[in-house]
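Colleague: Provided below: input.tsv, containing TSV, C-alpha atoms.
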chain	number	residue	atom	x	y	z
A	1	MET	CA	92.01	75.28	192.54
A	2	LYS	CA	93.87	72.40	190.86
A	3	THR	CA	97.06	74.48	190.71
A	4	CYS	CA	96.74	75.38	194.37
A	5	TRP	CA	96.27	71.71	195.30
A	6	ILE	CA	99.39	70.71	193.33
A	7	LEU	CA	101.41	73.45	195.01
A	8	PHE	CA	100.03	72.42	198.39
A	9	ARG	CA	101.24	68.85	197.86
A	10	LYS	CA	104.61	70.25	196.80
A	11	GLU	CA	104.83	72.29	200.01
A	12	ILE	CA	103.93	69.29	202.17
A	13	LEU	CA	106.67	67.31	200.43
A	14	GLU	CA	109.11	70.16	201.03
A	15	LEU	CA	108.21	70.31	204.72
A	16	THR	CA	108.84	66.58	204.91
A	17	ARG	CA	112.19	66.79	203.15
A	18	ASN	CA	113.50	69.53	205.44
A	19	TYR	CA	112.29	67.53	208.48
A	20	LYS	CA	109.84	70.15	209.74
A	21	MET	CA	107.17	67.46	209.66
A	22	ILE	CA	109.26	65.61	212.24
A	23	TRP	CA	110.90	68.11	214.55
A	24	MET	CA	108.03	70.56	214.92
A	25	PRO	CA	105.48	68.00	216.19
A	26	PHE	CA	108.23	66.50	218.37
A	27	VAL	CA	108.93	69.86	220.01
A	28	PHE	CA	105.25	70.54	220.70
A	29	ILE	CA	104.80	67.05	222.14
A	30	LEU	CA	107.85	67.63	224.33
A	31	PHE	CA	106.33	70.85	225.67
A	32	GLY	CA	103.04	69.05	226.22
A	33	LEU	CA	104.68	66.28	228.22
A	34	THR	CA	107.05	68.46	230.23
A	35	GLU	CA	104.51	70.46	232.23
A	36	PRO	CA	102.37	67.64	233.73
A	37	LEU	CA	105.39	65.40	234.38
A	38	THR	CA	107.37	68.22	235.98
A	39	ALA	CA	104.44	69.38	238.10
A	40	PHE	CA	103.79	65.85	239.38
A	41	TYR	CA	107.37	64.73	240.03
A	42	LEU	CA	108.89	68.07	241.10
A	43	PRO	CA	108.91	67.25	244.87
A	44	ASP	CA	110.64	63.92	244.20
A	45	ILE	CA	113.16	65.60	241.91
A	46	LEU	CA	114.02	68.21	244.53
A	47	ASN	CA	114.38	65.56	247.24
A	48	SER	CA	116.68	63.43	245.10
A	49	VAL	CA	118.99	66.11	243.71
A	50	GLY	CA	118.77	68.85	246.33
A	51	ASP	CA	121.69	69.18	248.76
A	52	LEU	CA	119.50	69.99	251.75
A	53	PRO	CA	120.14	69.64	255.52
A	54	GLU	CA	118.94	66.45	257.13
A	55	GLY	CA	115.35	66.59	258.19
A	56	THR	CA	114.37	69.26	255.69
A	57	VAL	CA	110.87	68.72	254.38
A	58	ILE	CA	109.88	70.17	251.01
A	59	SER	CA	106.19	70.91	250.77
A	60	ILE	CA	104.97	72.03	247.36
A	61	PRO	CA	101.22	72.41	246.82
A	62	THR	CA	99.94	70.10	244.12
A	63	PRO	CA	98.66	72.20	241.23
A	64	SER	CA	95.22	71.58	239.85
A	65	SER	CA	94.67	69.96	236.48
A	66	GLU	CA	93.51	73.28	235.07
A	67	GLU	CA	96.66	75.05	236.25
A	68	VAL	CA	98.88	72.42	234.65
A	69	LEU	CA	97.06	72.71	231.31
A	70	LEU	CA	97.31	76.50	231.40
A	71	SER	CA	101.00	76.15	232.15
A	72	THR	CA	101.31	74.05	229.01
A	73	ILE	CA	99.49	76.70	226.99
A	74	SER	CA	101.84	79.29	228.49
A	75	GLN	CA	104.75	77.31	227.07
A	76	PHE	CA	103.05	77.40	223.66
A	77	SER	CA	102.58	81.17	224.04
A	78	THR	CA	106.32	81.68	224.35
A	79	PHE	CA	108.33	78.88	222.80
A	80	GLY	CA	105.53	77.61	220.56
A	81	VAL	CA	104.94	80.99	218.95
A	82	LEU	CA	108.69	81.45	218.55
A	83	ILE	CA	108.98	78.07	216.82
A	84	ILE	CA	106.16	78.94	214.40
A	85	VAL	CA	107.73	82.29	213.54
A	86	LEU	CA	111.24	80.92	213.10
A	87	GLY	CA	109.98	77.87	211.25
A	88	PHE	CA	108.03	79.79	208.59
A	89	MET	CA	109.64	83.23	208.44
A	90	GLY	CA	111.58	82.25	205.32
A	91	MET	CA	108.78	80.34	203.60
A	92	ILE	CA	108.31	83.10	200.99
A	93	ALA	CA	111.06	85.61	201.81
A	94	GLY	CA	113.72	82.92	201.47
A	95	GLU	CA	112.47	81.89	198.05
A	96	ARG	CA	112.30	85.51	196.92
A	97	LYS	CA	115.88	86.09	197.99
A	98	SER	CA	117.18	82.90	196.38
A	99	GLY	CA	115.18	83.40	193.19
A	100	ASN	CA	113.22	80.15	193.54
A	101	ALA	CA	109.96	82.10	193.57
A	102	VAL	CA	110.62	83.32	190.04
A	103	MET	CA	111.01	79.73	188.82
A	104	VAL	CA	107.50	78.96	190.08
A	105	LEU	CA	105.76	82.18	189.13
A	106	VAL	CA	107.00	82.24	185.53
A	107	LYS	CA	104.80	79.22	185.02
A	108	PRO	CA	101.00	79.55	184.79
A	109	VAL	CA	100.78	79.94	188.57
A	110	SER	CA	98.90	82.82	190.17
A	111	TYR	CA	100.32	84.75	193.09
A	112	ALA	CA	97.28	83.80	195.14
A	113	ALA	CA	97.79	80.07	194.53
A	114	TYR	CA	101.48	80.42	195.38
A	115	ILE	CA	100.87	82.15	198.72
A	116	TYR	CA	97.74	80.23	199.73
A	117	SER	CA	99.35	76.83	199.11
A	118	LYS	CA	102.20	77.78	201.42
A	119	TRP	CA	99.83	79.06	204.08
A	120	MET	CA	97.69	75.92	203.92
A	121	ALA	CA	100.70	73.61	204.24
A	122	ALA	CA	101.98	75.60	207.21
A	123	PHE	CA	98.47	75.65	208.70
A	124	VAL	CA	98.25	71.86	208.56
A	125	LEU	CA	101.67	71.40	210.15
A	126	VAL	CA	101.00	73.93	212.92
A	127	TRP	CA	97.65	72.40	213.86
A	128	VAL	CA	98.98	68.84	213.77
A	129	SER	CA	101.94	69.82	215.96
A	130	TYR	CA	99.82	71.89	218.33
A	131	GLY	CA	97.14	69.18	218.50
A	132	LEU	CA	99.64	66.46	219.36
A	133	GLY	CA	101.19	68.66	222.02
A	134	MET	CA	97.84	69.43	223.64
A	135	LEU	CA	96.66	65.81	223.48
A	136	SER	CA	99.85	64.55	225.10
A	137	SER	CA	99.47	67.11	227.90
A	138	TRP	CA	95.78	66.29	228.36
A	139	TYR	CA	96.52	62.56	228.53
A	140	TYR	CA	99.13	62.85	231.28
A	141	ILE	CA	97.02	65.37	233.19
A	142	ASN	CA	94.21	62.81	233.25
A	143	VAL	CA	96.63	60.07	234.32
A	144	LEU	CA	98.56	61.98	236.99
A	145	PHE	CA	95.97	64.50	238.21
A	146	ASN	CA	92.20	64.75	238.54
A	147	GLY	CA	91.71	65.31	234.85
A	148	ILE	CA	89.97	67.97	232.77
A	149	GLY	CA	86.55	67.80	231.18
A	150	PHE	CA	86.40	67.14	227.46
A	151	THR	CA	84.24	70.16	226.59
A	152	PRO	CA	86.40	72.90	228.20
A	153	PHE	CA	89.51	71.20	226.82
A	154	VAL	CA	88.17	71.23	223.25
A	155	GLN	CA	86.93	74.81	223.57
A	156	GLY	CA	90.26	75.99	224.94
A	157	PHE	CA	92.11	74.01	222.29
A	158	LEU	CA	90.19	75.59	219.42
A	159	VAL	CA	90.27	79.13	220.80
A	160	TYR	CA	94.01	79.12	221.45
A	161	GLY	CA	94.59	77.44	218.10
A	162	LEU	CA	92.99	80.50	216.48
A	163	TRP	CA	95.66	82.69	218.11
A	164	LEU	CA	98.40	80.47	216.66
A	165	THR	CA	96.66	80.69	213.28
A	166	PHE	CA	96.72	84.48	213.53
A	167	ILE	CA	100.46	84.38	214.29
A	168	LEU	CA	101.04	82.05	211.34
A	169	THR	CA	99.02	84.29	209.00
A	170	MET	CA	101.05	87.32	210.03
A	171	VAL	CA	104.41	85.62	209.52
A	172	VAL	CA	103.39	84.38	206.07
A	173	PHE	CA	102.11	87.87	205.22
A	174	PHE	CA	105.30	89.62	206.28
A	175	SER	CA	107.39	86.93	204.62
A	176	SER	CA	105.65	87.83	201.36
A	177	LEU	CA	106.45	91.53	201.76
A	178	VAL	CA	110.17	91.42	202.53
A	179	LYS	CA	113.20	89.59	201.22
A	180	THR	CA	114.80	89.16	204.65
A	181	SER	CA	113.49	86.33	206.79
A	182	GLY	CA	114.69	87.98	209.98
A	183	LEU	CA	112.69	91.12	209.21
A	184	ALA	CA	109.54	89.04	208.71
A	185	ALA	CA	110.11	87.39	212.10
A	186	PHE	CA	110.82	90.74	213.76
A	187	CYS	CA	107.61	92.31	212.42
A	188	THR	CA	105.47	89.35	213.46
A	189	ILE	CA	106.87	89.08	216.98
A	190	GLY	CA	106.77	92.87	217.36
A	191	ILE	CA	103.08	93.08	216.48
A	192	ALA	CA	102.25	90.11	218.74
A	193	ILE	CA	104.07	91.73	221.68
A	194	LEU	CA	102.49	95.13	220.96
A	195	LEU	CA	98.98	93.67	220.80
A	196	THR	CA	99.52	91.74	224.03
A	197	PHE	CA	100.99	94.77	225.80
A	198	VAL	CA	98.30	97.23	224.71
A	199	SER	CA	95.45	94.78	225.32
A	200	GLY	CA	96.75	94.12	228.81
A	201	PHE	CA	96.55	97.81	229.76
A	202	MET	CA	93.43	98.70	227.79
A	203	THR	CA	91.29	95.65	228.40
A	204	ARG	CA	87.94	97.30	227.78
A	205	THR	CA	88.99	99.13	224.62
A	206	PHE	CA	90.72	96.08	223.13
A	207	LYS	CA	88.27	93.48	224.44
A	208	TRP	CA	88.04	91.99	220.93
A	209	SER	CA	91.76	92.03	220.24
A	210	PRO	CA	93.20	88.71	218.97
A	211	SER	CA	95.70	88.77	221.85
A	212	GLN	CA	92.77	88.49	224.29
A	213	LEU	CA	92.19	84.93	223.11
A	214	THR	CA	94.82	83.71	225.58
A	215	ASN	CA	93.03	85.40	228.48
A	216	TYR	CA	89.69	83.97	227.39
A	217	VAL	CA	91.22	80.49	227.25
A	218	ASN	CA	92.14	80.90	230.93
A	219	GLU	CA	88.50	81.59	231.77
A	220	ILE	CA	87.32	78.61	229.75
A	221	ILE	CA	89.75	76.20	231.40
A	222	LEU	CA	89.49	77.51	234.97
A	223	HIS	CA	85.76	78.24	235.15
A	224	SER	CA	84.30	76.15	232.30
A	225	THR	CA	82.48	79.25	231.04
A	226	TRP	CA	82.27	80.99	227.68
A	227	PRO	CA	83.47	84.61	228.16
A	228	ASP	CA	81.12	87.39	227.08
A	229	HIS	CA	83.35	88.92	224.40
A	230	LEU	CA	84.90	85.73	223.10
A	231	THR	CA	82.50	85.25	220.20
A	232	GLY	CA	83.23	88.76	218.93
A	233	THR	CA	86.96	88.17	219.32
A	234	ILE	CA	86.76	84.95	217.30
A	235	ILE	CA	84.83	86.71	214.52
A	236	LEU	CA	87.26	89.65	214.43
A	237	THR	CA	90.36	87.44	214.48
A	238	THR	CA	89.01	85.21	211.72
A	239	THR	CA	88.10	88.28	209.66
A	240	LEU	CA	91.59	89.72	210.13
A	241	CYS	CA	93.19	86.46	209.00
A	242	LEU	CA	91.02	86.36	205.89
A	243	ALA	CA	91.70	90.04	205.14
A	244	ILE	CA	95.45	89.56	205.51
A	245	LEU	CA	95.37	86.57	203.18
A	246	LEU	CA	93.25	88.52	200.71
A	247	ILE	CA	95.63	91.47	200.43
A	248	ALA	CA	98.85	89.43	200.51
A	249	PRO	CA	98.88	88.31	196.80
A	250	PRO	CA	98.35	91.78	195.23
A	251	LEU	CA	100.94	93.34	197.56
A	252	TYR	CA	103.39	90.55	196.79
A	253	LYS	CA	102.79	91.00	193.06
A	254	LYS	CA	103.92	94.62	193.28
A	255	LYS	CA	107.27	93.67	194.80
A	256	ASP	CA	110.34	92.98	192.76
A	257	LEU	CA	110.78	89.23	192.79
A	258	ILE	CA	114.53	89.35	192.39
If you took the structure in this file and wrote it as structure tokens, what would it be?

Modeller:
Amino acid sequence: MKTCWILFRKEILELTRNYKMIWMPFVFILFGLTEPLTAFYLPDILNSVGDLPEGTVISIPTPSSEEVLLSTISQFSTFGVLIIVLGFMGMIAGERKSGNAVMVLVKPVSYAAYIYSKWMAAFVLVWVSYGLGMLSSWYYINVLFNGIGFTPFVQGFLVYGLWLTFILTMVVFFSSLVKTSGLAAFCTIGIAILLTFVSGFMTRTFKWSPSQLTNYVNEIILHSTWPDHLTGTIILTTTLCLAILLIAPPLYKKKDLI
């Protein structure tokens, strides 16, 4: 445990030195601010920059607070997931390829401590970035629109955060299996797309699929209800994350580190 804590502090320092601790929260905050501001000021923007005939009236229905928040989450589902994958795809694979992993593992450091410290550091950064992005969006939604209740916001925040945690766990897992960062990113994005695609067509069969978390968040935000299969999905997704983390060290140990 002490070794893992020391490595965790080292990873946090490394994330700070390569500026991930700065640009990743900034990007998520930017996404969080963009949706409510754009939705509120879009008619004014079109009137000021649009080259329209005189007398033209632009009428755009004002979206609800729930729709704006879900639009923000949609941005996280595309660009946010991409940022997480690209930001951490080389966390282990890059060190394997460069040989830096050998310098750490020749010391009395277990493979589990090595991988778990990296995952924990990435987990902290992802949740801080995601949390700041959601809070900034929630603040401006409450200022510019009717606002969203605290309970559905927190529930939606935690549920969707579990999906991002699943994505992070997969990218760390694949990064530990391959030496090429791009291959780790390709595998993670491929599985995420496959799960989303299959779950969309086979909703009943894959009602507990991790990719269903996004759909359940929509129900929480729009209807302030807890979907029937959400609890099972949370349990399954958490179990999958733990299982992936459990098998990652022994699989990594079998690979040639050079």

Colleague: Within 7 Å of region 207-222 of chain A, counting all atoms listed in the file, which residues show up once you throw out same-chain ones fewer than 4 positions away? Write them as a PyMOL selection string, please.

Modeller: chain A and resi 66+70+152-153+156+159-160+163+195-196+199+203+226-227+229-230+232-233+236-237

Colleague: Extract, using all atoms listed in the file, all DNA, RNA and protein residues at most 12 Å from Gly182 (chain A), discarding same-chain residues fewer than 2 positions from it, and format them as a list of chain:residue names.

Modeller: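 Final neighbour list, sorted by chain and number: A:Val85, A:Leu86, A:Gly87, A:Phe88, A:Met89, A:Gly90, A:Met91, A:Ala93, A:Gly94, A:Val171, A:Phe174, A:Ser175, A:Val178, A:Lys179, A:Thr180, A:Ala184, A:Ala185, A:Phe186, A:Cys187, A:Thr188, A:Ile189, A:Gly190.
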
Colleague: Return as AutoDock Vina command-line options the box centre and box size in Å, one decimal, for an axis-aligned box around all listed atoms of region 156-172 of chain A padded by 4 Å per side.

Modeller:
--center_x 97.3 --center_y 80.7 --center_z 215.5 --size_x 22.2 --size_y 21.3 --size_z 26.9

Colleague: Show me, as a CSV table (one decimal) with C-alpha atoms, keeping the file's coordinate frame, the residues that have an atom within 10 Å of Ala122 (chain A) when counting only C-alpha atoms, minus same-chain residues fewer than 2 positions from it.

Modeller:
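Saved as out.csv:
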chain,number,residue,atom,x,y,z
A,8,PHE,CA,100.0,72.4,198.4
A,11,GLU,CA,104.8,72.3,200.0
A,12,ILE,CA,103.9,69.3,202.2
A,15,LEU,CA,108.2,70.3,204.7
A,20,LYS,CA,109.8,70.2,209.7
A,21,MET,CA,107.2,67.5,209.7
A,84,ILE,CA,106.2,78.9,214.4
A,87,GLY,CA,110.0,77.9,211.2
A,88,PHE,CA,108.0,79.8,208.6
A,91,MET,CA,108.8,80.3,203.6
A,116,TYR,CA,97.7,80.2,199.7
A,117,SER,CA,99.4,76.8,199.1
A,118,LYS,CA,102.2,77.8,201.4
A,119,TRP,CA,99.8,79.1,204.1
A,120,MET,CA,97.7,75.9,203.9
A,124,VAL,CA,98.2,71.9,208.6
A,125,LEU,CA,101.7,71.4,210.2
A,126,VAL,CA,101.0,73.9,212.9
A,127,TRP,CA,97.6,72.4,213.9
A,128,VAL,CA,99.0,68.8,213.8
A,165,THR,CA,96.7,80.7,213.3
A,168,LEU,CA,101.0,82.0,211.3
A,169,THR,CA,99.0,84.3,209.0
A,172,VAL,CA,103.4,84.4,206.1

Colleague: Go ahead and compute the interatomic distance for CA of Thr34 (chain A) and CA of Gly147 (chain A), in Å to one decimal.

Modeller: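 Pair CA of Thr34 (chain A) / CA of Gly147 (chain A) returns 16.3 Å.
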
Colleague: In terms of the shortest atom-to-atom distance over only C-alpha atoms, which of A:Ile92, A:Ala113, A:Lys107, A:Val27 is closest to Ile6 (chain A)?

Modeller: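 Ranked by minimum distance to Ile6 (chain A), first place goes to A:Ala113.
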
Colleague: For a test of reading the model, state the distance in Å between CA of Tyr19 (chain A) and CA of Ser110 (chain A), rounded to one decimal.

Modeller: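 Atom-to-atom, CA of Tyr19 (chain A) and CA of Ser110 (chain A) are spaced 27.4 Å apart.
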
Colleague: Which is closest to Ile247 (chain A) among A:Phe26, A:Tyr111, A:Phe123, A:Trp5, if we use only C-alpha atoms?

Modeller: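 Nearest to Ile247 (chain A): A:Tyr111.
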
Colleague: Please return, as a compact mmCIF listing (two decimals) with C-alpha atoms, in the coordinates of the input, all polymer residues that have at least one atom within 12 Å of the point (108.2, 80.7, 189.5); use only C-alpha atoms and the file's own coordinate frame.

Modeller:
# COMPACT_ATOMS: atom_id res chain seq x y z
CA LEU A 7 101.41 73.45 195.01
CA ILE A 92 108.31 83.10 200.99
CA GLU A 95 112.47 81.89 198.05
CA ARG A 96 112.30 85.51 196.92
CA SER A 98 117.18 82.90 196.38
CA GLY A 99 115.18 83.40 193.19
CA ASN A 100 113.22 80.15 193.54
CA ALA A 101 109.96 82.10 193.57
CA VAL A 102 110.62 83.32 190.04
CA MET A 103 111.01 79.73 188.82
CA VAL A 104 107.50 78.96 190.08
CA LEU A 105 105.76 82.18 189.13
CA VAL A 106 107.00 82.24 185.53
CA LYS A 107 104.80 79.22 185.02
CA PRO A 108 101.00 79.55 184.79
CA VAL A 109 100.78 79.94 188.57
CA SER A 110 98.90 82.82 190.17
CA TYR A 111 100.32 84.75 193.09
CA ALA A 113 97.79 80.07 194.53
CA TYR A 114 101.48 80.42 195.38
CA ILE A 115 100.87 82.15 198.72
CA LEU A 257 110.78 89.23 192.79
CA ILE A 258 114.53 89.35 192.39
